[in-house]
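Everything below concerns the one structure shown next.
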Amino acid sequence: MNIPANELHFTRTFDAPRELVWKAWTDPKQIVQWWGPKGFTTTTTEKMDVVKGGTWGFVMHGPDGRDYDNRVVYDEVVRGEKLAYHHSDADEDEPVAFHVTVLFSEQDGKTTLAMKMVFPTQKDRDDAIKQYGAEEGAKETLNRLAQHLHHMR
Amino acid sequence: MDTFTALADPTRRSIIEMLASDGEMAVSEICKRFHSSPPAISQHLKVLRETRLVQMEKQAQQRIYSLAPEGMTEMEDWLVHTRRLWTERFDALDALLAKEKKKLQKSKHRKGRKK
């Protein structure tokens, strides 16, 4: 049986030099300006330490007044080139413990980000599905997001 | 055919991911994104319709496709959710980078004028 990919790939090019894009990911004052979903504001609760094993703790304040605790742990950092991290258990917003790798490459003053999100093991995936499925709120958020995106078109 | 088999095909998987991040698309739009012939894409869309992964709506002369909510398993829900989340994030990142670039250009301009 062929199961839908346990990997998600995402590529996007930004009209900015690599230094700026790297900064947007690694400067706590900048990352909070784009990380949260629409309608959310993000605040850093734990100093951002962009080194292997370092963390970034933050809270996302939802439009409904709910707060979502998050924490990211950096697995690999190659300055200006590669950022790999995973969401730790403290994470309510993204209950899925998957690993994310982001590669930064520049050409002609534009920076391309290549992202890969992987479920570490079959068990982790099954756990994530159970946990995600158990979250009534998550499904509702998805519907609201879908509606919201539909209105944006 | 079941949804797993339907999604085993990379073109069909691409179509799903495309609809996940873009919302709804006309058949003509979908065809533009692939090298395959329109009849081949139509066949893929037929499979996706039959397995209830996508739904089709006629709007004037166009056939508009979107993801069918009932076709999605929780796993696929997550894929859709995550793709949309990251599309949003990257849109916001785009806006921030435009701002930062302007700042940088302004400060370079100021430095340039100093004697």
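Following the order of the structure tokens, chains are lettered A, B, ..., residues in each are numbered from 1, and ligands are numbered from 1.
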
Identify, with DSSP run on backbone atoms, the residues in region 19-57 of chain B assigned to helix (DSSP H, G or I), and express the list as number ranges by chain. B: 19-22, 27-32, 38-50

Can you tell me which residues surround region 103-105 of chain A at a distance of at most 6 Å, considering only C-alpha atoms, apart from same-chain residues fewer than 2 positions away, and format the answer as a ChimeraX atom specification? /A:81-82,111-114

Output of the above residues as a compact mmCIF listing (two decimals), in the first residue's frame, restricted to all heavy atoms:
```
# COMPACT_ATOMS: atom_id res chain seq x y z
N GLU A 81 23.14 29.15 5.16
CA GLU A 81 22.90 28.08 4.18
C GLU A 81 21.83 27.09 4.58
O GLU A 81 21.03 26.66 3.75
CB GLU A 81 24.18 27.28 3.99
CG GLU A 81 25.17 27.94 3.06
CD GLU A 81 26.44 27.12 2.93
OE1 GLU A 81 26.35 25.88 2.99
OE2 GLU A 81 27.51 27.74 2.79
N LYS A 82 21.86 26.70 5.87
CA LYS A 82 20.98 25.59 6.25
C LYS A 82 20.50 25.76 7.68
O LYS A 82 21.26 26.13 8.58
CB LYS A 82 21.76 24.30 6.13
CG LYS A 82 20.96 23.04 6.43
CD LYS A 82 21.85 21.83 6.17
CE LYS A 82 21.09 20.54 6.23
NZ LYS A 82 21.98 19.39 6.01
N THR A 111 16.87 34.99 -3.35
CA THR A 111 17.15 33.83 -2.50
C THR A 111 16.05 32.79 -2.64
O THR A 111 14.87 33.11 -2.54
CB THR A 111 17.25 34.26 -1.04
OG1 THR A 111 18.24 35.29 -0.94
CG2 THR A 111 17.67 33.10 -0.15
N THR A 112 16.46 31.54 -2.86
CA THR A 112 15.50 30.45 -2.93
C THR A 112 15.56 29.64 -1.65
O THR A 112 16.64 29.25 -1.20
CB THR A 112 15.79 29.54 -4.13
OG1 THR A 112 15.68 30.32 -5.32
CG2 THR A 112 14.79 28.40 -4.20
N LEU A 113 14.39 29.40 -1.06
CA LEU A 113 14.30 28.54 0.10
C LEU A 113 13.74 27.20 -0.35
O LEU A 113 12.71 27.15 -1.02
CB LEU A 113 13.36 29.14 1.15
CG LEU A 113 13.81 30.39 1.88
CD1 LEU A 113 12.84 30.69 3.02
CD2 LEU A 113 15.21 30.24 2.44
N ALA A 114 14.45 26.13 0.02
CA ALA A 114 13.94 24.79 -0.26
C ALA A 114 13.68 24.15 1.09
O ALA A 114 14.60 23.98 1.88
CB ALA A 114 14.95 24.00 -1.06
```

Enumerate the residues of region 2-90 of chain B with a DSSP assignment of strand (DSSP E or B), computed from the backbone, and present them as a list in words. Met25, Ala26, Val54, Gln55, Met56, Glu57, Lys58, Gln59, Gln62, Arg63, Ile64, Tyr65, Ser66 and Leu67 of chain B

What lies within 7 Å of Val32 (chain A) using only C-alpha atoms, ignoring chain neighbours under 4 positions off, as a short mmCIF file (atom, residue, chain, number, x, y, z; two decimals) with N, CA and C atoms, in the first residue's frame?
```cif
data_model
loop_
_atom_site.label_atom_id
_atom_site.label_comp_id
_atom_site.auth_asym_id
_atom_site.auth_seq_id
_atom_site.Cartn_x
_atom_site.Cartn_y
_atom_site.Cartn_z
N PRO A 28 15.16 37.33 16.36
CA PRO A 28 13.86 37.18 17.03
C PRO A 28 12.92 38.35 16.79
N GLY A 36 3.63 33.85 12.56
CA GLY A 36 2.28 33.49 12.97
C GLY A 36 1.30 33.46 11.81
N THR A 42 2.80 37.04 17.45
CA THR A 42 3.77 36.13 18.05
C THR A 42 4.71 36.88 18.97
N THR A 43 4.96 36.33 20.15
CA THR A 43 5.96 36.91 21.06
C THR A 43 6.94 35.85 21.47
#
```
